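File shown here: protein14.txt, holding compact mmCIF, C-alpha atoms and all ligand atoms.
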# COMPACT_ATOMS: atom_id res chain seq x y z
CA MET A 1 24.84 15.54 -53.58
CA GLY A 2 26.87 14.52 -50.54
CA THR A 3 26.23 17.95 -49.02
CA ILE A 4 22.47 17.67 -49.52
CA ILE A 5 22.39 14.25 -47.88
CA HIS A 6 24.50 15.59 -45.05
CA LEU A 7 22.12 18.55 -44.68
CA LEU A 8 19.08 16.26 -44.64
CA ILE A 9 20.68 14.07 -41.99
CA THR A 10 21.44 17.14 -39.88
CA VAL A 11 17.86 18.42 -40.21
CA TYR A 12 16.51 14.95 -39.36
CA GLN A 13 18.76 14.64 -36.35
CA SER A 14 17.90 18.07 -35.04
CA THR A 15 14.17 17.32 -35.43
CA THR A 16 14.44 14.00 -33.62
CA HIS A 17 16.54 15.58 -30.93
CA MET A 18 13.97 18.32 -30.49
CA THR A 19 11.07 15.88 -30.26
CA THR A 20 12.81 13.61 -27.78
CA ARG A 21 13.70 16.54 -25.59
CA ASP A 22 10.17 17.94 -25.64
CA VAL A 23 8.48 14.68 -24.68
CA CYS A 24 7.92 14.20 -20.96
CA PHE A 25 6.58 11.24 -19.05
CA PHE A 26 4.74 10.87 -15.74
CA ASP A 27 5.24 7.58 -13.89
CA THR A 28 1.99 7.43 -11.94
CA HIS A 29 2.92 4.47 -9.72
CA SER A 30 6.31 3.61 -8.25
CA HIS A 31 7.81 2.34 -5.01
CA LEU A 32 11.16 4.09 -5.10
CA ASN A 33 11.35 3.80 -1.32
CA SER A 34 11.75 0.04 -1.72
CA THR A 35 14.98 -1.26 -0.17
CA GLN A 36 15.88 -2.42 -3.68
CA PHE A 37 16.83 1.21 -4.39
CA ASP A 38 18.81 1.80 -1.20
CA ASP A 39 22.16 1.61 -2.98
CA ASP A 40 21.44 3.84 -5.96
CA ARG A 41 18.23 5.83 -5.43
CA SER A 42 19.84 9.16 -6.36
CA LEU A 43 21.32 7.63 -9.51
CA VAL A 44 17.89 6.31 -10.49
CA LEU A 45 16.44 9.81 -10.02
CA MET A 46 19.13 11.19 -12.33
CA ARG A 47 18.64 8.46 -14.92
CA MET A 48 14.88 8.93 -15.08
CA LYS A 49 15.26 12.67 -15.53
CA ALA A 50 17.70 12.08 -18.40
CA GLN A 51 15.06 9.90 -20.09
CA GLY A 52 12.38 12.61 -19.79
CA VAL A 53 10.57 10.96 -16.88
CA ALA A 54 9.91 14.33 -15.32
CA LYS A 55 7.32 13.46 -12.66
CA PHE A 56 6.23 10.48 -10.59
CA CYS A 57 3.98 9.31 -7.77
CA GLU A 58 5.37 7.34 -4.84
CA ILE A 59 2.82 4.89 -3.45
CA GLY A 60 2.39 3.72 0.14
CA TYR A 61 1.03 0.30 1.14
CA ASP A 62 0.64 0.78 4.93
CA VAL A 63 0.96 3.66 7.40
CA PRO A 64 4.81 3.78 7.71
CA SER A 65 5.34 3.43 3.94
CA SER A 66 2.77 6.18 3.37
CA GLN A 67 4.76 8.39 5.75
CA ARG A 68 7.92 7.57 3.78
CA ALA A 69 6.14 8.34 0.50
CA ILE A 70 5.27 11.82 1.81
CA GLN A 71 8.84 12.25 3.01
CA LEU A 72 10.16 11.40 -0.46
CA ALA A 73 7.67 13.79 -2.06
CA HIS A 74 8.80 16.56 0.29
CA THR A 75 12.47 16.08 -0.51
CA THR A 76 12.34 15.20 -4.22
CA PRO A 77 11.31 17.68 -6.91
CA ASN A 78 8.38 16.57 -9.07
CA CYS A 79 7.37 13.72 -6.79
CA TRP A 80 3.90 13.29 -5.25
CA ALA A 81 2.64 10.83 -2.65
CA VAL A 82 -0.28 8.40 -2.60
CA VAL A 83 -1.16 7.07 0.86
CA GLY A 84 -3.12 4.02 1.92
CA VAL A 85 -3.26 0.45 3.17
CA GLN A 86 -2.89 -2.18 0.44
CA PRO A 87 -4.96 -5.39 0.78
CA ASN A 88 -1.80 -7.45 1.31
CA HIS A 89 -1.04 -5.47 4.47
CA PRO A 90 -4.21 -5.99 6.53
CA GLU A 91 -2.09 -6.04 9.71
CA ALA A 92 -1.91 -2.26 9.28
CA ALA A 93 -5.45 -2.15 10.62
CA ASP A 94 -4.50 -3.95 13.86
CA ASP A 95 -3.76 -0.52 15.27
CA PRO A 96 -7.21 0.97 15.95
CA THR A 97 -5.94 4.44 15.05
CA TRP A 98 -4.80 3.44 11.53
CA LEU A 99 -7.58 5.27 9.71
CA ASP A 100 -7.12 8.42 11.78
CA GLN A 101 -3.40 8.32 11.06
CA LEU A 102 -4.12 7.92 7.37
CA HIS A 103 -6.61 10.79 7.50
CA GLU A 104 -3.89 12.97 9.01
CA LEU A 105 -1.30 11.91 6.42
CA ALA A 106 -3.70 12.36 3.51
CA GLN A 107 -4.11 16.05 4.36
CA GLN A 108 -0.41 16.79 4.06
CA PRO A 109 0.96 18.78 1.12
CA ARG A 110 1.83 16.76 -1.98
CA VAL A 111 -0.56 13.90 -1.22
CA VAL A 112 -2.61 13.46 -4.41
CA ALA A 113 -4.61 10.27 -3.85
CA ILE A 114 -5.59 7.42 -1.52
CA GLY A 115 -4.03 4.10 -2.55
CA GLU A 116 -3.17 1.51 -3.26
CA ILE A 117 -6.39 -0.03 -2.00
CA GLY A 118 -8.64 -2.85 -3.14
CA PHE A 119 -8.71 -6.64 -3.18
CA ASP A 120 -6.01 -9.30 -3.60
CA HIS A 121 -7.46 -12.81 -3.81
CA TYR A 122 -4.18 -14.17 -5.18
CA HIS A 123 -2.25 -13.56 -1.96
CA ARG A 124 -5.38 -13.46 0.24
CA LYS A 125 -3.67 -12.13 3.35
CA ALA A 126 -7.08 -11.49 4.92
CA PRO A 127 -10.63 -12.80 4.38
CA VAL A 128 -12.63 -11.01 1.67
CA ALA A 129 -14.83 -9.32 4.27
CA VAL A 130 -11.80 -7.83 6.05
CA GLN A 131 -10.30 -6.63 2.76
CA GLU A 132 -13.64 -5.09 1.86
CA THR A 133 -13.88 -3.21 5.15
CA LEU A 134 -10.37 -1.76 4.62
CA PHE A 135 -11.22 -0.87 1.04
CA ARG A 136 -14.55 0.78 1.80
CA SER A 137 -13.26 2.78 4.77
CA GLN A 138 -10.44 4.20 2.64
CA ILE A 139 -12.81 5.07 -0.21
CA ALA A 140 -14.91 6.91 2.38
CA LEU A 141 -11.79 8.78 3.50
CA ALA A 142 -10.98 9.72 -0.13
CA ASN A 143 -14.55 10.89 -0.49
CA THR A 144 -14.29 13.10 2.61
CA LEU A 145 -11.04 14.63 1.33
CA LYS A 146 -12.25 14.78 -2.30
CA LEU A 147 -9.25 12.74 -3.48
CA PRO A 148 -8.94 10.15 -6.26
CA ILE A 149 -8.36 6.49 -5.35
CA VAL A 150 -5.72 4.14 -6.78
CA ILE A 151 -6.96 0.54 -7.00
CA HIS A 152 -4.94 -2.64 -6.54
CA THR A 153 -6.92 -5.67 -7.70
CA ARG A 154 -5.60 -9.17 -8.28
CA ASP A 155 -7.83 -12.15 -9.12
CA ALA A 156 -10.65 -10.02 -7.76
CA HIS A 157 -12.29 -8.21 -10.67
CA ALA A 158 -15.85 -9.11 -9.62
CA ASP A 159 -15.45 -7.89 -6.04
CA THR A 160 -13.68 -4.72 -7.17
CA LEU A 161 -16.41 -3.86 -9.68
CA ARG A 162 -19.13 -4.67 -7.13
CA VAL A 163 -17.71 -2.18 -4.61
CA LEU A 164 -16.95 0.50 -7.21
CA ARG A 165 -20.47 0.22 -8.64
CA ASP A 166 -21.87 0.53 -5.16
CA VAL A 167 -19.85 3.56 -4.02
CA ARG A 168 -19.56 5.46 -7.36
CA HIS A 169 -16.53 7.42 -6.14
CA ALA A 170 -16.79 10.89 -7.67
CA TYR A 171 -13.19 12.15 -7.41
CA GLY A 172 -11.38 9.82 -9.80
CA VAL A 173 -10.54 6.12 -9.84
CA VAL A 174 -7.24 4.75 -11.18
CA MET A 175 -7.00 1.04 -12.01
CA HIS A 176 -3.33 0.49 -11.17
CA SER A 177 -1.41 -1.85 -13.51
CA PHE A 178 -4.56 -2.54 -15.47
CA ALA A 179 -4.90 -6.10 -16.79
CA GLY A 180 -7.98 -7.89 -17.99
CA ASP A 181 -10.16 -8.72 -20.97
CA MET A 182 -12.28 -6.43 -23.11
CA ALA A 183 -15.41 -6.88 -20.98
CA TYR A 184 -13.55 -5.92 -17.81
CA ALA A 185 -11.98 -2.90 -19.55
CA GLU A 186 -15.41 -1.77 -20.70
CA ALA A 187 -16.82 -2.20 -17.20
CA CYS A 188 -14.01 -0.06 -15.76
CA LEU A 189 -14.44 2.59 -18.45
CA ASP A 190 -18.20 2.67 -17.82
CA LEU A 191 -17.44 3.42 -14.18
CA GLY A 192 -15.29 6.38 -15.26
CA CYS A 193 -11.98 4.78 -14.26
CA MET A 194 -8.59 5.75 -15.63
CA LEU A 195 -6.61 2.68 -16.70
CA SER A 196 -2.94 2.78 -15.78
CA LEU A 197 -0.86 0.56 -18.07
CA SER A 198 2.39 -1.07 -17.01
CA GLY A 199 5.22 -3.42 -18.12
CA PRO A 200 3.14 -6.48 -19.05
CA ILE A 201 1.63 -4.68 -22.09
CA THR A 202 5.13 -4.70 -23.60
CA PHE A 203 5.57 -8.48 -23.27
CA ARG A 204 5.62 -10.09 -26.69
CA ASN A 205 3.54 -13.09 -25.66
CA ASN A 206 0.78 -10.92 -24.17
CA GLN A 207 -1.28 -10.84 -27.40
CA GLN A 208 -4.63 -10.76 -25.64
CA MET A 209 -3.63 -7.65 -23.69
CA HIS A 210 -2.30 -6.03 -26.90
CA GLU A 211 -5.76 -6.47 -28.45
CA VAL A 212 -7.40 -4.87 -25.41
CA VAL A 213 -4.96 -1.91 -25.36
CA ARG A 214 -5.70 -1.22 -29.05
CA THR A 215 -9.32 -0.51 -28.16
CA LEU A 216 -8.72 1.69 -25.11
CA PRO A 217 -9.39 5.43 -25.53
CA LEU A 218 -6.21 7.47 -25.16
CA ASP A 219 -7.88 10.04 -22.92
CA ARG A 220 -8.54 7.35 -20.28
CA LEU A 221 -4.98 6.03 -20.03
CA LEU A 222 -2.10 6.57 -17.64
CA ILE A 223 1.32 4.90 -17.57
CA GLU A 224 3.28 3.51 -14.64
CA THR A 225 6.20 1.24 -13.85
CA ASP A 226 5.18 -0.14 -10.41
CA SER A 227 8.95 -0.09 -9.78
CA PRO A 228 10.72 -2.20 -8.62
CA TYR A 229 8.21 -4.76 -10.00
CA LEU A 230 6.91 -5.55 -13.50
CA ALA A 231 9.90 -4.40 -15.59
CA PRO A 232 8.90 -3.93 -19.24
CA HIS A 233 10.50 -5.62 -22.23
CA PRO A 234 13.52 -5.78 -22.75
CA HIS A 235 14.20 -5.48 -19.00
CA ARG A 236 11.71 -8.18 -18.02
CA GLY A 237 12.82 -10.13 -14.96
CA THR A 238 15.16 -7.40 -13.69
CA ARG A 239 14.57 -4.60 -11.18
CA ASN A 240 12.21 -2.06 -12.69
CA GLU A 241 12.74 1.71 -12.37
CA PRO A 242 10.80 4.81 -13.49
CA THR A 243 13.44 5.34 -16.22
CA TYR A 244 11.64 2.61 -18.20
CA VAL A 245 8.17 4.20 -18.25
CA PRO A 246 8.66 5.62 -21.79
CA LEU A 247 8.70 2.00 -23.01
CA ILE A 248 5.05 1.68 -21.95
CA ALA A 249 4.15 4.88 -23.84
CA HIS A 250 6.00 3.60 -26.94
CA GLN A 251 4.05 0.34 -26.81
CA ILE A 252 0.74 2.25 -26.61
CA ALA A 253 1.88 4.34 -29.60
CA ASN A 254 2.74 1.14 -31.52
CA LEU A 255 -0.56 -0.54 -30.73
CA HIS A 256 -2.57 2.59 -31.57
CA GLN A 257 -0.37 3.36 -34.60
CA LEU A 258 0.05 6.94 -33.47
CA PRO A 259 3.16 9.14 -33.23
CA ILE A 260 4.85 8.80 -29.83
CA ASN A 261 4.64 12.56 -29.29
CA ASP A 262 0.85 12.56 -29.54
CA VAL A 263 0.59 9.63 -27.16
CA ALA A 264 3.13 11.03 -24.70
CA SER A 265 1.48 14.44 -24.53
CA ALA A 266 -1.96 12.86 -24.00
CA LEU A 267 -0.61 10.66 -21.17
CA TRP A 268 1.17 13.63 -19.61
CA HIS A 269 -2.03 15.67 -19.73
CA ASN A 270 -4.17 12.82 -18.32
CA ALA A 271 -1.91 12.36 -15.29
CA HIS A 272 -2.16 16.05 -14.40
CA VAL A 273 -5.94 16.08 -14.75
CA CYS A 274 -6.27 12.87 -12.73
CA PHE A 275 -4.16 14.08 -9.79
CA ASP A 276 -5.30 17.71 -10.08
CA LEU A 277 -1.79 19.04 -10.75
CA GLU A 278 -0.59 21.99 -12.74
CA GLU A 279 0.70 20.99 -16.14
CA THR A 280 4.08 22.65 -15.73
CA HIS A 281 7.33 20.89 -16.48
CA ASP A 282 9.06 21.74 -13.26
CA THR A 283 7.50 22.33 -9.89
CA PRO A 284 9.25 22.86 -6.60
CA THR A 285 8.68 20.62 -3.60
CA HIS A 286 6.13 21.62 -0.93
CA THR A 287 3.42 22.92 -3.24
ZN ZN B 1 2.19 -0.71 -6.23
Would you give me this structure, written as structure tokens?
Amino acid sequence: MGTIIHLLITVYQSTTHMTTRDVCFFDTHSHLNSTQFDDDRSLVLMRMKAQGVAKFCEIGYDVPSSQRAIQLAHTTPNCWAVVGVQPNHPEAADDPTWLDQLHELAQQPRVVAIGEIGFDHYHRKAPVAVQETLFRSQIALANTLKLPIVIHTRDAHADTLRVLRDVRHAYGVVMHSFAGDMAYAEACLDLGCMLSLSGPITFRNNQQMHEVVRTLPLDRLLIETDSPYLAPHPHRGTRNEPTYVPLIAHQIANLHQLPINDVASALWHNAHVCFDLEETHDTPTHT
């Protein structure tokens, strides 16, 4: 009897081990170039790999940070860059050549999207009209280069939807760190957007968001950490890192009552389709 139990435990353990090893995650939005990682960036890269976080996107927010994102993507295996001017950095446009510089950067190898771009009425670092000009000119750039766009929107759902409905960007739209009610989710889905879910969906008191996530179609979801911000439960309030992105996938699996493997493989597939990448598990730099 003891032997049978022992055998069953061994079989169970080997199965779980196998499944954990085979599951891979793609953190679609991180800021690993943040100074918050200056002391241990290489350790973070090792830790995330050990947790199956095999690929990630590094996101710029102005011209220099976009350059640094490309630099990271060129020196780190399985890292891609997203370049753009975020609405909280409107001073980036003080230099009249900013859009030309961005155009140049966006054509470099390993750049997969233009972002993060959009509106931020919470911080409101520039008038709405200025934010809109930045937003629209970068969507036009993405359109020229046939690249997807990654949207930052805070307290600005109406303006964001108004512009997206007007431009109908045809090369993919990612709603970064998606948050909102059912009506907003439906509006984004109707526009063909991918919804990228982050730490707040794991917060226990975020019942309204849990209800929304339950209704979202799996084939329209991505996961991200937005490191070093928005750490998921149980790391809430601490520095976030891509290592924690599986916690977002687990929460989606819980809310959808699906096996984690099914959810993880769908999310992995979606990220590759969205950024037009080959669905291999290891790719060299400079592809
Ligand atoms: Zn971000």
Margin query: Could you list, as number ranges by chain, all residues that come within 7 Å of ligand ZN 1 (chain B)? Count all atoms listed in the file.
Written below: A: 29-31, 59, 116, 226
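Close contacts of Phe203 in chain A, defined as residues with an atom at most 12 Å away when counting only C-alpha atoms, with chain neighbours fewer than 5 positions off set aside, comprise Ser198, Gln208, Met209, His210, Leu230, Ala231, Pro232, His233, Pro234, His235, Arg236, Gly237, Leu247, Ile248 and Gln251 of chain A.
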Notebook entry, point to check: Can you tell me, as a PyMOL selection string, what residues are no more than 7 Å from range 76-93 of chain A when counting only C-alpha atoms, ignoring any on the same chain fewer than 3 positions away?
Noted result: chain A and resi 54-63+66+69-70+72-73+96+98+102+106+110-120+123+125-126+131+282-285
Test item: axis-aligned box, all listed atoms of range 255-263 of chain A, 5 Å on each side, centre and edges in Å rounded to one decimal, as JSON:
{"center_x": 1.1, "center_y": 6.0, "center_z": -30.9, "size_x": 17.4, "size_y": 23.1, "size_z": 17.4}
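Residues in contact with Leu32 in chain A at up to 8 Å, not including ones fewer than 3 positions away on its chain and judged by all atoms listed in the file, are Phe37, Arg41, Glu58, Ser227, Pro228 and Glu241 of chain A.
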Pick out the residues sitting within 10 Å of Pro217 in chain A, and hand them over as a compact mmCIF listing (two decimals) with C-alpha atoms, in the frame of the given file; count only C-alpha atoms, and ignore anything fewer than 5 positions along from it in its own chain.
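To be explicit, this is the file written out as out_9.txt:
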# COMPACT_ATOMS: atom_id res chain seq x y z
CA LEU A 189 -14.44 2.59 -18.45
CA MET A 194 -8.59 5.75 -15.63
CA LEU A 195 -6.61 2.68 -16.70
CA HIS A 256 -2.57 2.59 -31.57
With range 265-268 of chain A as the partner and 10 Å as the cut-off, tabulate the residues of range 174-257 of chain A that qualify, each row holding the nearest pair of atoms and their distance in Å to one decimal, using all atoms listed in the file, sorted by chain and rising number, as a Markdown table.
| residue | atom | partner | partner_atom | distance |
| --- | --- | --- | --- | --- |
| A:Ser196 | CA | A:Leu267 | CA | 9.8 |
| A:Leu218 | CA | A:Ala266 | CA | 7.0 |
| A:Asp219 | CA | A:Ala266 | CA | 6.6 |
| A:Arg220 | CA | A:Leu267 | CA | 8.6 |
| A:Leu221 | CA | A:Leu267 | CA | 6.5 |
| A:Leu222 | CA | A:Leu267 | CA | 5.6 |
| A:Ile223 | CA | A:Leu267 | CA | 7.1 |
| A:Ala249 | CA | A:Leu267 | CA | 7.9 |
